[in-house]
Amino acid sequence: MSTVAPTDWATRPAPEGPQGWIERAAEVAAVLATDAVARDRAGATPYAEVQLLKDSGLVTLLGPTAHGGAGQDWPTAYRVIREVAKADGSIGQLLGYHYLWNWAARLVGTREQWEHVEAEAARQRWFFGGAVNPRDKDVVVRDEGESLVFTGRKSFSTGSKVSDVTVLEGVLEGTDDHVFAIVPSDSAGLTFHDDWDNIGQRLTESGGVTLDGVRAPWSAAAGYVDKAFRPRVYNTLNVPTIQLVFAHFYLGIAAGALETAAVYTRTKARSWLHGGHERAADEPYVIDIYGDLTGKLWAAEALADQVSVEGQRLHDDPDAVTEQDRGEFEVRVAVVKARATEVALEVTQRIFEVTGARSTASVEGLDRFWRNVRTHTLHDPVAYKRREVGRFVLDGALPEPTWYS
């Protein structure tokens with residue numbers, strides 16, 4: 001990774017307010033952009049990149065101010081994710097997933113549990129990973145008195161080797177009860193595999209993980225009191241919150257693609273010899289495509305920002321969230337996810353129309369934007385998001401809370 005990272009973050013005052021943190025994220029993105037193409041090509045474990053996120057303070061954005069966090073809200077976190085993803089989609093995803101797993105204790109835990117986790121995470125600048133993949137066979141969780149023992153395998157574990165702590169999830173043996181617990185990533189029995197070798201999001205450390213008798217105390221079982229889970233409707237906000245993270249880093253990648261392409265068009269692209277223009281940037285069709293793609297991107301960003309604000313109202317009063325609130329929010333998020341997917345894929349594909357044949361050279365790395373978006377947008381079929389919206393519009397039906405809706 002580049003060595004041009006600012007060295008004075010530790011001595012500078014922390015940013016003030018949402019805009020200050022978005023500007024800090026832009027500084028981080030500027031560092032990542034200097035060698036993004038080379039790092040994507042190398043595909044090395046992003047230890048330095050995660051350290052950059054720690055040094056800049058972005059990892060504790062949602063943490064309590066009393067313990068060194070920034071005390072910011074989800075709409076700010078989404079904008080920060082988007083800013084980082086402009087330069088490097090992998091690091092944007094890592095940061096987004098970190099925020100999600102850091103929030104998992106608040107999502108399902110008791111107040112005592114999430115206050116403890118959030119305080120420790122802010123004080124120690126933990127970076128979170130998660131070994132949770134609902135399409136795999138459930139991890140088995142055995143009750144051994146004061147302890148829980150997790151055994152199984154998950155095919156994806158984003159963050160893996162660069163994380164300080166990992167969120168585990170499994171089903172209590174002999175029951176249908178799911179259990180979440182946070183354990184140190186160097187716990188005995190927790191083995192991360194170097195088997196993530198996909199065309200995009202290459203630096204997300206999303207390979208498989210084996211859990212061979214990983215132990216956690218019952219006190220770490222989020223939301224459990226005396227070995228019984230205490231449910232709330234708020235527990236089901238995991239999917240819309242996760243899907244908004246996805247949408248924002250898709251839009252960040254698309255914005256980065258458009259900005260990078262525009263620089264190329266202005267400085268390197270050649271006009272068509274029969275077009276009558278000296279600069280490619282003066283070609284009418286080039287101007288039209290940039291205007292079209294920018295309008296679509298801006299509209300999707302505005303929608304994503306609005307729905308993010310709507311979601312924050314639910315986060316502000318977790319105990320008041322109703323099934324109706326949750327369902328209507330999921331429908332709104334489904335629209336954002338569908339639109340962000342479509343716009344990001346279109347932008348990252350069509351930039352080549354305005355940069356020309358020479359822009360496909362490997363050294364330019366323009367393909368990484370499309371590879372990153374195409375890889376992650378296959379996470380779950382966007383058609384099912386549109387179906388949620390259609391059923392709501394036609395019948396008033398709310399999506400049933402599942403791992404994907």
# chains A, B, ... in the order shown; residues from 1 in each chain; ligands from 1

$ select_by_dssp --residues "stretch 171-331 of chain A" --states "strand (DSSP E or B)" --output "ChimeraX atom specification"
/A:171-172,178-184,190-192,209-217,224-225,228-229,270,279

$ write_last_selection --atoms "C-alpha atoms" --output "PDB file, in the first residue's frame"
ATOM      1  CA  VAL A 171     -28.162 -22.731  16.114  1.00  0.00           C
ATOM      2  CA  LEU A 172     -28.345 -24.200  19.600  1.00  0.00           C
ATOM      3  CA  HIS A 178     -30.094 -18.837  16.735  1.00  0.00           C
ATOM      4  CA  VAL A 179     -27.219 -17.431  18.763  1.00  0.00           C
ATOM      5  CA  PHE A 180     -24.873 -14.551  17.978  1.00  0.00           C
ATOM      6  CA  ALA A 181     -21.635 -14.063  19.893  1.00  0.00           C
ATOM      7  CA  ILE A 182     -18.514 -11.944  19.424  1.00  0.00           C
ATOM      8  CA  VAL A 183     -15.146 -13.642  19.955  1.00  0.00           C
ATOM      9  CA  PRO A 184     -11.508 -12.641  19.407  1.00  0.00           C
ATOM     10  CA  LEU A 190     -11.213 -20.384  14.488  1.00  0.00           C
ATOM     11  CA  THR A 191      -9.426 -20.920  11.163  1.00  0.00           C
ATOM     12  CA  PHE A 192      -9.666 -18.509   8.238  1.00  0.00           C
ATOM     13  CA  VAL A 209     -13.833 -20.125   7.847  1.00  0.00           C
ATOM     14  CA  THR A 210     -13.859 -23.271   9.964  1.00  0.00           C
ATOM     15  CA  LEU A 211     -15.135 -23.290  13.533  1.00  0.00           C
ATOM     16  CA  ASP A 212     -13.703 -26.256  15.378  1.00  0.00           C
ATOM     17  CA  GLY A 213     -15.006 -26.037  18.918  1.00  0.00           C
ATOM     18  CA  VAL A 214     -14.757 -22.238  19.266  1.00  0.00           C
ATOM     19  CA  ARG A 215     -15.765 -21.328  22.801  1.00  0.00           C
ATOM     20  CA  ALA A 216     -17.649 -18.303  24.087  1.00  0.00           C
ATOM     21  CA  PRO A 217     -19.215 -17.620  27.490  1.00  0.00           C
ATOM     22  CA  TYR A 224     -29.984 -13.975  25.967  1.00  0.00           C
ATOM     23  CA  VAL A 225     -30.840 -13.661  29.652  1.00  0.00           C
ATOM     24  CA  ALA A 228     -33.523 -17.426  27.061  1.00  0.00           C
ATOM     25  CA  PHE A 229     -33.649 -14.984  24.150  1.00  0.00           C
ATOM     26  CA  ARG A 270      -8.588  10.921 -28.303  1.00  0.00           C
ATOM     27  CA  ARG A 279     -10.799  17.006 -27.791  1.00  0.00           C
TER      28      ARG A 279
END

$ closest_atom_pairs --of "stretch 293-383 of chain A" --to "stretch 61-81 of chain A" --cutoff "7 Å" --atoms "only C-alpha atoms" --output "JSON lines"
{"residue": "A:Asp305", "atom": "CA", "partner": "A:Pro75", "partner_atom": "CA", "distance": 6.9}
{"residue": "A:Ser308", "atom": "CA", "partner": "A:Pro75", "partner_atom": "CA", "distance": 5.3}
{"residue": "A:Val309", "atom": "CA", "partner": "A:Pro75", "partner_atom": "CA", "distance": 5.9}
{"residue": "A:Gln312", "atom": "CA", "partner": "A:Trp74", "partner_atom": "CA", "distance": 6.3}

$ write_last_selection --atoms "all heavy atoms" --output "compact mmCIF listing (two decimals), in the first residue's frame"
# COMPACT_ATOMS: atom_id res chain seq x y z
N ASP A 305 -29.82 8.51 0.23
CA ASP A 305 -29.66 9.40 1.38
C ASP A 305 -30.99 9.59 2.12
O ASP A 305 -31.04 9.59 3.35
CB ASP A 305 -29.11 10.75 0.94
CG ASP A 305 -27.64 10.69 0.53
OD1 ASP A 305 -26.94 9.73 0.96
OD2 ASP A 305 -27.19 11.59 -0.19
N SER A 308 -31.94 6.49 4.02
CA SER A 308 -31.03 6.35 5.17
C SER A 308 -31.50 7.19 6.35
O SER A 308 -31.44 6.76 7.50
CB SER A 308 -29.61 6.76 4.77
OG SER A 308 -29.11 5.94 3.74
N VAL A 309 -31.98 8.39 6.06
CA VAL A 309 -32.52 9.26 7.11
C VAL A 309 -33.78 8.64 7.70
O VAL A 309 -34.00 8.66 8.92
CB VAL A 309 -32.80 10.67 6.55
CG1 VAL A 309 -33.58 11.50 7.56
CG2 VAL A 309 -31.49 11.36 6.19
N GLN A 312 -32.83 6.01 10.16
CA GLN A 312 -32.26 6.50 11.42
C GLN A 312 -33.35 6.74 12.46
O GLN A 312 -33.12 6.57 13.66
CB GLN A 312 -31.46 7.77 11.18
CG GLN A 312 -30.72 8.28 12.42
CD GLN A 312 -29.74 7.27 12.99
OE1 GLN A 312 -29.01 6.63 12.25
NE2 GLN A 312 -29.74 7.12 14.31

$ residues_around --residues "A:Gly109" --least-positions-apart "4" --cutoff "12 Å" --atoms "only C-alpha atoms" --output "CSV table (one decimal) with N, CA, C and O atoms, in the first residue's frame"
chain,number,residue,atom,x,y,z
A,102,ASN,N,-20.2,-4.3,14.2
A,102,ASN,CA,-20.1,-3.5,15.4
A,102,ASN,C,-21.4,-3.3,16.0
A,102,ASN,O,-21.6,-3.3,17.2
A,103,TRP,N,-22.4,-3.1,15.1
A,103,TRP,CA,-23.8,-2.7,15.5
A,103,TRP,C,-24.6,-4.0,15.9
A,103,TRP,O,-25.6,-3.9,16.5
A,104,ALA,N,-24.0,-5.2,15.6
A,104,ALA,CA,-24.8,-6.4,15.8
A,104,ALA,C,-25.2,-6.6,17.3
A,104,ALA,O,-26.2,-7.1,17.6
A,105,ALA,N,-24.3,-6.1,18.2
A,105,ALA,CA,-24.6,-6.2,19.6
A,105,ALA,C,-25.8,-5.4,20.0
A,105,ALA,O,-26.7,-5.8,20.8
A,113,GLN,N,-25.1,-5.7,27.3
A,113,GLN,CA,-24.2,-6.3,26.4
A,113,GLN,C,-23.7,-5.3,25.3
A,113,GLN,O,-22.5,-5.1,25.1
A,114,TRP,N,-24.7,-4.6,24.7
A,114,TRP,CA,-24.2,-3.7,23.6
A,114,TRP,C,-23.4,-2.5,24.2
A,114,TRP,O,-22.5,-2.0,23.5
A,115,GLU,N,-23.8,-2.0,25.4
A,115,GLU,CA,-23.0,-0.9,25.9
A,115,GLU,C,-21.5,-1.3,26.2
A,115,GLU,O,-20.6,-0.6,26.0
A,116,HIS,N,-21.4,-2.6,26.7
A,116,HIS,CA,-20.0,-3.1,26.9
A,116,HIS,C,-19.3,-3.3,25.6
A,116,HIS,O,-18.1,-2.9,25.5
A,117,VAL,N,-19.9,-3.9,24.6
A,117,VAL,CA,-19.2,-4.1,23.3
A,117,VAL,C,-18.8,-2.8,22.7
A,117,VAL,O,-17.7,-2.6,22.2
A,118,GLU,N,-19.8,-1.9,22.6
A,118,GLU,CA,-19.5,-0.6,22.0
A,118,GLU,C,-18.4,0.2,22.7
A,118,GLU,O,-17.5,0.8,22.0
A,179,VAL,N,-28.0,-18.1,17.8
A,179,VAL,CA,-27.2,-17.4,18.8
A,179,VAL,C,-26.1,-16.6,18.0
A,179,VAL,O,-25.4,-17.2,17.2
A,180,PHE,N,-26.0,-15.4,18.4
A,180,PHE,CA,-24.9,-14.6,18.0
A,180,PHE,C,-23.9,-14.3,19.2
A,180,PHE,O,-24.4,-14.1,20.3
A,181,ALA,N,-22.6,-14.4,18.9
A,181,ALA,CA,-21.6,-14.1,19.9
A,181,ALA,C,-20.4,-13.5,19.2
A,181,ALA,O,-20.1,-13.8,18.1
A,182,ILE,N,-19.7,-12.6,19.9
A,182,ILE,CA,-18.5,-11.9,19.4
A,182,ILE,C,-17.3,-12.6,20.1
A,182,ILE,O,-17.3,-12.6,21.4
A,219,SER,N,-22.5,-15.4,28.6
A,219,SER,CA,-22.7,-14.0,28.7
A,219,SER,C,-22.5,-13.2,27.4
A,219,SER,O,-23.0,-12.1,27.3
A,220,ALA,N,-21.8,-13.9,26.5
A,220,ALA,CA,-21.6,-13.3,25.2
A,220,ALA,C,-22.7,-13.6,24.2
A,220,ALA,O,-22.7,-13.0,23.1
A,221,ALA,N,-23.7,-14.4,24.5
A,221,ALA,CA,-24.8,-14.7,23.7
A,221,ALA,C,-25.7,-13.5,23.6
A,221,ALA,O,-26.5,-13.2,24.5
A,222,ALA,N,-25.7,-12.8,22.5
A,222,ALA,CA,-26.4,-11.6,22.4
A,222,ALA,C,-27.9,-11.7,22.5
A,222,ALA,O,-28.6,-12.5,21.8
A,223,GLY,N,-28.5,-11.0,23.4
A,223,GLY,CA,-29.9,-11.0,23.7
A,223,GLY,C,-30.4,-12.0,24.6
A,223,GLY,O,-31.7,-12.1,24.8
A,224,TYR,N,-29.6,-12.9,25.1
A,224,TYR,CA,-30.0,-14.0,26.0
A,224,TYR,C,-29.8,-13.6,27.4
A,224,TYR,O,-28.8,-13.0,27.8
A,225,VAL,N,-30.9,-13.9,28.2
A,225,VAL,CA,-30.8,-13.7,29.7
A,225,VAL,C,-31.3,-15.0,30.3
A,225,VAL,O,-32.4,-15.5,30.0
A,228,ALA,N,-32.3,-17.6,27.8
A,228,ALA,CA,-33.5,-17.4,27.1
A,228,ALA,C,-33.4,-16.1,26.3
A,228,ALA,O,-33.0,-15.1,26.8
A,229,PHE,N,-33.8,-16.2,25.0
A,229,PHE,CA,-33.6,-15.0,24.2
A,229,PHE,C,-34.8,-14.0,24.4
A,229,PHE,O,-36.0,-14.5,24.5
A,230,ARG,N,-34.6,-12.8,24.4
A,230,ARG,CA,-35.6,-11.8,24.6
A,230,ARG,C,-35.8,-11.0,23.2
A,230,ARG,O,-35.0,-10.1,22.9
A,231,PRO,N,-36.8,-11.4,22.4
A,231,PRO,CA,-36.9,-10.8,21.1
A,231,PRO,C,-37.5,-9.4,21.1
A,231,PRO,O,-38.3,-9.0,22.0
A,232,ARG,N,-37.2,-8.6,20.1
A,232,ARG,CA,-37.8,-7.3,19.8
A,232,ARG,C,-38.0,-7.2,18.3
A,232,ARG,O,-37.2,-7.8,17.5
A,234,TYR,N,-37.1,-4.8,16.6
A,234,TYR,CA,-35.8,-4.1,16.2
A,234,TYR,C,-34.8,-5.2,15.7
A,234,TYR,O,-34.0,-4.9,14.8
A,235,ASN,N,-34.8,-6.4,16.3
A,235,ASN,CA,-33.9,-7.4,15.9
A,235,ASN,C,-33.9,-7.7,14.4
A,235,ASN,O,-32.9,-8.2,13.8
A,318,PRO,N,-35.3,2.2,19.3
A,318,PRO,CA,-35.4,0.8,19.0
A,318,PRO,C,-36.6,0.1,19.6
A,318,PRO,O,-37.3,-0.8,18.9

$ residues_around --residues "stretch 147-159 of chain A" --least-positions-apart "2" --cutoff "8 Å" --atoms "only C-alpha atoms" --output "CSV table (one decimal) with N, CA, C and O atoms, in the first residue's frame"
chain,number,residue,atom,x,y,z
A,94,LEU,N,-15.3,-3.5,3.3
A,94,LEU,CA,-14.8,-3.9,4.6
A,94,LEU,C,-15.3,-3.0,5.7
A,94,LEU,O,-15.7,-3.4,6.8
A,97,TYR,N,-19.1,-3.5,6.3
A,97,TYR,CA,-19.4,-4.7,7.1
A,97,TYR,C,-18.9,-4.5,8.5
A,97,TYR,O,-19.5,-5.0,9.5
A,98,HIS,N,-17.8,-3.8,8.7
A,98,HIS,CA,-17.3,-3.5,10.1
A,98,HIS,C,-18.4,-2.8,10.9
A,98,HIS,O,-18.7,-3.1,12.0
A,128,PHE,N,-14.1,-5.3,13.1
A,128,PHE,CA,-15.0,-6.4,13.1
A,128,PHE,C,-15.0,-7.2,11.8
A,128,PHE,O,-15.0,-6.7,10.7
A,129,GLY,N,-15.1,-8.5,12.0
A,129,GLY,CA,-15.4,-9.4,10.9
A,129,GLY,C,-16.6,-10.2,11.3
A,129,GLY,O,-17.1,-10.2,12.4
A,130,GLY,N,-17.1,-11.0,10.3
A,130,GLY,CA,-18.3,-11.8,10.6
A,130,GLY,C,-18.3,-13.1,9.9
A,130,GLY,O,-18.1,-13.2,8.7
A,131,ALA,N,-18.6,-14.2,10.7
A,131,ALA,CA,-18.7,-15.6,10.1
A,131,ALA,C,-20.2,-15.9,10.1
A,131,ALA,O,-20.6,-16.8,10.8
A,132,VAL,N,-20.9,-15.2,9.2
A,132,VAL,CA,-22.4,-15.5,9.2
A,132,VAL,C,-22.8,-15.6,7.7
A,132,VAL,O,-22.6,-14.6,7.0
A,133,ASN,N,-23.3,-16.7,7.3
A,133,ASN,CA,-23.7,-16.9,5.9
A,133,ASN,C,-24.9,-17.8,5.9
A,133,ASN,O,-24.8,-19.1,6.1
A,136,ASP,N,-25.3,-21.3,4.0
A,136,ASP,CA,-24.6,-22.5,4.4
A,136,ASP,C,-25.3,-23.3,5.4
A,136,ASP,O,-26.3,-22.8,6.0
A,137,LYS,N,-24.9,-24.5,5.6
A,137,LYS,CA,-25.5,-25.3,6.7
A,137,LYS,C,-25.2,-24.6,8.0
A,137,LYS,O,-24.1,-24.0,8.2
A,138,ASP,N,-26.2,-24.6,8.9
A,138,ASP,CA,-26.0,-23.9,10.2
A,138,ASP,C,-24.8,-24.4,11.0
A,138,ASP,O,-24.6,-25.6,11.1
A,139,VAL,N,-24.1,-23.5,11.6
A,139,VAL,CA,-23.1,-23.9,12.6
A,139,VAL,C,-23.9,-24.4,13.8
A,139,VAL,O,-24.9,-23.9,14.2
A,140,VAL,N,-23.4,-25.5,14.4
A,140,VAL,CA,-24.0,-26.1,15.6
A,140,VAL,C,-23.4,-25.5,16.9
A,140,VAL,O,-22.2,-25.4,17.0
A,141,VAL,N,-24.2,-25.0,17.8
A,141,VAL,CA,-23.8,-24.4,19.0
A,141,VAL,C,-24.2,-25.4,20.2
A,141,VAL,O,-25.4,-25.6,20.4
A,142,ARG,N,-23.2,-25.9,20.9
A,142,ARG,CA,-23.5,-26.8,22.0
A,142,ARG,C,-23.4,-26.0,23.3
A,142,ARG,O,-22.5,-25.3,23.6
A,143,ASP,N,-24.4,-26.3,24.2
A,143,ASP,CA,-24.4,-25.7,25.5
A,143,ASP,C,-23.6,-26.6,26.5
A,143,ASP,O,-23.9,-27.7,26.7
A,144,GLU,N,-22.5,-26.0,27.0
A,144,GLU,CA,-21.7,-26.7,28.0
A,144,GLU,C,-21.7,-26.0,29.3
A,144,GLU,O,-20.6,-25.6,29.8
A,145,GLY,N,-22.9,-25.7,29.8
A,145,GLY,CA,-23.0,-25.1,31.1
A,145,GLY,C,-22.7,-23.6,31.1
A,145,GLY,O,-23.6,-22.9,30.7
A,161,LYS,N,-9.0,-12.3,8.3
A,161,LYS,CA,-7.6,-12.2,8.9
A,161,LYS,C,-7.3,-10.7,9.3
A,161,LYS,O,-6.4,-10.5,10.1
A,162,VAL,N,-8.0,-9.7,8.8
A,162,VAL,CA,-7.7,-8.4,9.2
A,162,VAL,C,-8.5,-7.9,10.4
A,162,VAL,O,-8.4,-6.8,10.8
A,163,SER,N,-9.4,-8.8,10.9
A,163,SER,CA,-10.3,-8.4,12.0
A,163,SER,C,-9.6,-8.7,13.4
A,163,SER,O,-8.8,-9.5,13.5
A,170,GLY,N,-24.9,-19.3,15.1
A,170,GLY,CA,-25.2,-20.7,14.9
A,170,GLY,C,-26.5,-21.0,15.6
A,170,GLY,O,-27.2,-20.1,16.1
A,192,PHE,N,-9.3,-19.2,9.5
A,192,PHE,CA,-9.7,-18.5,8.2
A,192,PHE,C,-8.9,-19.1,7.1
A,192,PHE,O,-7.7,-19.4,7.2
A,204,THR,N,-11.3,-8.0,0.1
A,204,THR,CA,-12.3,-8.0,1.2
A,204,THR,C,-12.1,-9.2,2.2
A,204,THR,O,-12.8,-9.3,3.2
A,205,GLU,N,-11.1,-10.0,2.0
A,205,GLU,CA,-10.8,-11.2,2.9
A,205,GLU,C,-12.1,-11.9,3.2
A,205,GLU,O,-12.5,-12.1,4.3
A,206,SER,N,-12.8,-12.3,2.1
A,206,SER,CA,-14.1,-12.9,2.2
A,206,SER,C,-14.1,-14.4,2.1
A,206,SER,O,-15.1,-15.0,1.7
A,207,GLY,N,-13.0,-15.0,2.3
A,207,GLY,CA,-12.9,-16.5,2.2
A,207,GLY,C,-13.6,-17.3,3.3
A,207,GLY,O,-14.3,-16.7,4.2
A,208,GLY,N,-13.5,-18.6,3.2
A,208,GLY,CA,-14.2,-19.4,4.2
A,208,GLY,C,-13.6,-19.5,5.5
A,208,GLY,O,-12.5,-19.0,5.7
A,209,VAL,N,-14.3,-20.0,6.5
A,209,VAL,CA,-13.8,-20.1,7.8
A,209,VAL,C,-14.3,-21.4,8.5
A,209,VAL,O,-15.5,-21.9,8.2
A,210,THR,N,-13.5,-22.1,9.2
A,210,THR,CA,-13.9,-23.3,10.0
A,210,THR,C,-13.9,-23.0,11.5
A,210,THR,O,-13.0,-22.3,12.0
A,211,LEU,N,-15.0,-23.4,12.1
A,211,LEU,CA,-15.1,-23.3,13.5
A,211,LEU,C,-15.0,-24.7,14.1
A,211,LEU,O,-15.9,-25.5,13.9
A,212,ASP,N,-14.0,-24.9,14.8
A,212,ASP,CA,-13.7,-26.3,15.4
A,212,ASP,C,-13.7,-26.2,16.9
A,212,ASP,O,-12.6,-26.1,17.5
A,213,GLY,N,-14.9,-26.1,17.5
A,213,GLY,CA,-15.0,-26.0,18.9
A,213,GLY,C,-14.6,-24.7,19.5
A,213,GLY,O,-13.9,-24.6,20.5
A,214,VAL,N,-15.0,-23.6,18.8
A,214,VAL,CA,-14.8,-22.2,19.3
A,214,VAL,C,-15.7,-21.9,20.5
A,214,VAL,O,-16.9,-22.1,20.4
A,215,ARG,N,-15.0,-21.5,21.5
A,215,ARG,CA,-15.8,-21.3,22.8
A,215,ARG,C,-16.1,-19.9,23.1
A,215,ARG,O,-15.3,-19.0,22.8
A,216,ALA,N,-17.2,-19.6,23.7
A,216,ALA,CA,-17.6,-18.3,24.1
A,216,ALA,C,-18.5,-18.5,25.4
A,216,ALA,O,-19.2,-19.4,25.5
A,217,PRO,N,-18.4,-17.5,26.3
A,217,PRO,CA,-19.2,-17.6,27.5
A,217,PRO,C,-20.7,-17.3,27.2
A,217,PRO,O,-21.0,-16.6,26.2
A,218,TRP,N,-21.6,-17.9,27.9
A,218,TRP,CA,-23.0,-17.6,27.7
A,218,TRP,C,-23.3,-16.1,27.8
A,218,TRP,O,-24.2,-15.6,27.2

$ closest_residue --among "A:Pro134, A:Gly174, A:Gly365, A:Pro381" --to "A:Ala338" --atoms "only C-alpha atoms"
A:Pro381

$ atom_distance --atom1 "atom CA of A:Thr322" --atom2 "atom CA of A:Ala300"
27.3 Å

$ atom_distance --atom1 "atom CA of A:Gln306" --atom2 "atom CA of A:Val28"
24.8 Å

$ atom_distance --atom1 "atom CA of A:Arg202" --atom2 "atom CA of A:Ser160"
13.2 Å

$ residues_around --residues "A:Val336" --least-positions-apart "5" --cutoff "10 Å" --atoms "only C-alpha atoms" --output "ChimeraX atom specification"
/A:243-244,246-248,300-308,330-331,341-342,385-386

$ write_last_selection --atoms "C-alpha atoms" --output "PDB file, in the first residue's frame"
ATOM      1  CA  GLN A 243     -28.828  -3.843   2.180  1.00  0.00           C
ATOM      2  CA  LEU A 244     -28.363  -0.096   2.589  1.00  0.00           C
ATOM      3  CA  PHE A 246     -24.551  -2.626  -0.035  1.00  0.00           C
ATOM      4  CA  ALA A 247     -26.342   0.109  -1.962  1.00  0.00           C
ATOM      5  CA  HIS A 248     -24.055   2.831  -0.686  1.00  0.00           C
ATOM      6  CA  ALA A 300     -29.893   7.163  -6.913  1.00  0.00           C
ATOM      7  CA  GLU A 301     -27.665   8.869  -4.336  1.00  0.00           C
ATOM      8  CA  ALA A 302     -30.476  11.250  -3.354  1.00  0.00           C
ATOM      9  CA  LEU A 303     -32.887   8.342  -2.895  1.00  0.00           C
ATOM     10  CA  ALA A 304     -30.332   6.398  -0.853  1.00  0.00           C
ATOM     11  CA  ASP A 305     -29.664   9.398   1.382  1.00  0.00           C
ATOM     12  CA  GLN A 306     -33.382   9.976   1.976  1.00  0.00           C
ATOM     13  CA  VAL A 307     -34.095   6.358   2.897  1.00  0.00           C
ATOM     14  CA  SER A 308     -31.035   6.352   5.171  1.00  0.00           C
ATOM     15  CA  GLU A 330     -37.641  -2.760   4.059  1.00  0.00           C
ATOM     16  CA  VAL A 331     -39.750  -1.883   1.000  1.00  0.00           C
ATOM     17  CA  THR A 341     -27.540  -2.072  -8.525  1.00  0.00           C
ATOM     18  CA  GLU A 342     -28.861  -1.022 -11.918  1.00  0.00           C
ATOM     19  CA  LYS A 385     -36.165  -6.780  -4.180  1.00  0.00           C
ATOM     20  CA  ARG A 386     -38.385  -5.504  -6.957  1.00  0.00           C
TER      21      ARG A 386
END

$ closest_residue --among "A:Tyr99, A:Tyr250, A:Trp196, A:Trp21" --to "A:Arg371" --atoms "only C-alpha atoms"
A:Tyr250

$ residues_around --residues "stretch 345-353 of chain A" --least-positions-apart "2" --cutoff "6 Å" --atoms "only C-alpha atoms" --output "PDB file with N, CA, C and O atoms, in the first residue's frame"
ATOM      1  N   ALA A 254     -19.553   3.358  -8.257  1.00  0.00           N
ATOM      2  CA  ALA A 254     -20.008   3.993  -9.498  1.00  0.00           C
ATOM      3  C   ALA A 254     -19.505   5.426  -9.593  1.00  0.00           C
ATOM      4  O   ALA A 254     -19.064   5.874 -10.668  1.00  0.00           O
ATOM      5  N   GLU A 342     -28.718  -1.310 -10.498  1.00  0.00           N
ATOM      6  CA  GLU A 342     -28.861  -1.022 -11.918  1.00  0.00           C
ATOM      7  C   GLU A 342     -27.975   0.138 -12.352  1.00  0.00           C
ATOM      8  O   GLU A 342     -27.291   0.068 -13.392  1.00  0.00           O
ATOM      9  N   VAL A 343     -27.957   1.204 -11.560  1.00  0.00           N
ATOM     10  CA  VAL A 343     -27.166   2.382 -11.913  1.00  0.00           C
ATOM     11  C   VAL A 343     -25.674   2.070 -11.852  1.00  0.00           C
ATOM     12  O   VAL A 343     -24.909   2.453 -12.758  1.00  0.00           O
ATOM     13  N   THR A 355     -14.242   6.645 -22.910  1.00  0.00           N
ATOM     14  CA  THR A 355     -12.803   6.666 -22.667  1.00  0.00           C
ATOM     15  C   THR A 355     -12.034   6.058 -23.833  1.00  0.00           C
ATOM     16  O   THR A 355     -10.871   6.381 -24.050  1.00  0.00           O
ATOM     17  N   GLY A 356     -12.653   5.145 -24.574  1.00  0.00           N
ATOM     18  CA  GLY A 356     -12.035   4.630 -25.777  1.00  0.00           C
ATOM     19  C   GLY A 356     -11.218   3.374 -25.589  1.00  0.00           C
ATOM     20  O   GLY A 356     -10.994   2.907 -24.470  1.00  0.00           O
ATOM     21  N   PHE A 369     -13.750  -1.312 -11.458  1.00  0.00           N
ATOM     22  CA  PHE A 369     -15.025  -0.785 -10.968  1.00  0.00           C
ATOM     23  C   PHE A 369     -16.166  -1.730 -11.326  1.00  0.00           C
ATOM     24  O   PHE A 369     -16.998  -2.072 -10.476  1.00  0.00           O
ATOM     25  N   TRP A 370     -16.202  -2.146 -12.607  1.00  0.00           N
ATOM     26  CA  TRP A 370     -17.259  -3.078 -13.013  1.00  0.00           C
ATOM     27  C   TRP A 370     -17.087  -4.419 -12.312  1.00  0.00           C
ATOM     28  O   TRP A 370     -18.068  -5.003 -11.834  1.00  0.00           O
TER      29      TRP A 370
END

$ closest_residue --among "A:Glu27, A:Asp197, A:Asp395, A:Asp317" --to "A:Thr375" --atoms "only C-alpha atoms"
A:Asp197

$ closest_residue --among "A:Ala33, A:Leu394, A:Ala334, A:Ile287" --to "A:Asp380" --atoms "only C-alpha atoms"
A:Ala334

$ residues_around --residues "stretch 46-54 of chain A" --least-positions-apart "6" --cutoff "8 Å" --atoms "only C-alpha atoms" --output "PyMOL selection string"
chain A and resi 1+5+28+32+60+91+95+125+127+162+203-204

$ closest_residue --among "A:Trp272, A:Thr267, A:Thr11, A:Ala257" --to "A:Tyr290" --atoms "only C-alpha atoms"
A:Ala257

$ decode --residues "stretch 239-245 of chain A" --atoms "N, CA and C atoms" --output "short mmCIF file (atom, residue, chain, number, x, y, z; two decimals), in the first residue's frame"
data_model
loop_
_atom_site.label_atom_id
_atom_site.label_comp_id
_atom_site.auth_asym_id
_atom_site.auth_seq_id
_atom_site.Cartn_x
_atom_site.Cartn_y
_atom_site.Cartn_z
N VAL A 239 -31.55 -6.96 7.93
CA VAL A 239 -31.52 -7.01 6.47
C VAL A 239 -31.61 -5.62 5.83
N PRO A 240 -32.59 -4.77 6.18
CA PRO A 240 -32.60 -3.46 5.53
C PRO A 240 -31.34 -2.64 5.81
N THR A 241 -30.76 -2.78 7.00
CA THR A 241 -29.54 -2.04 7.31
C THR A 241 -28.37 -2.56 6.48
N ILE A 242 -28.27 -3.87 6.37
CA ILE A 242 -27.21 -4.48 5.56
C ILE A 242 -27.37 -4.07 4.09
N GLN A 243 -28.60 -4.14 3.59
CA GLN A 243 -28.83 -3.84 2.18
C GLN A 243 -28.53 -2.37 1.85
N LEU A 244 -28.73 -1.50 2.81
CA LEU A 244 -28.36 -0.10 2.59
C LEU A 244 -26.85 0.07 2.52
N VAL A 245 -26.13 -0.69 3.33
CA VAL A 245 -24.67 -0.67 3.22
C VAL A 245 -24.26 -1.08 1.81
#
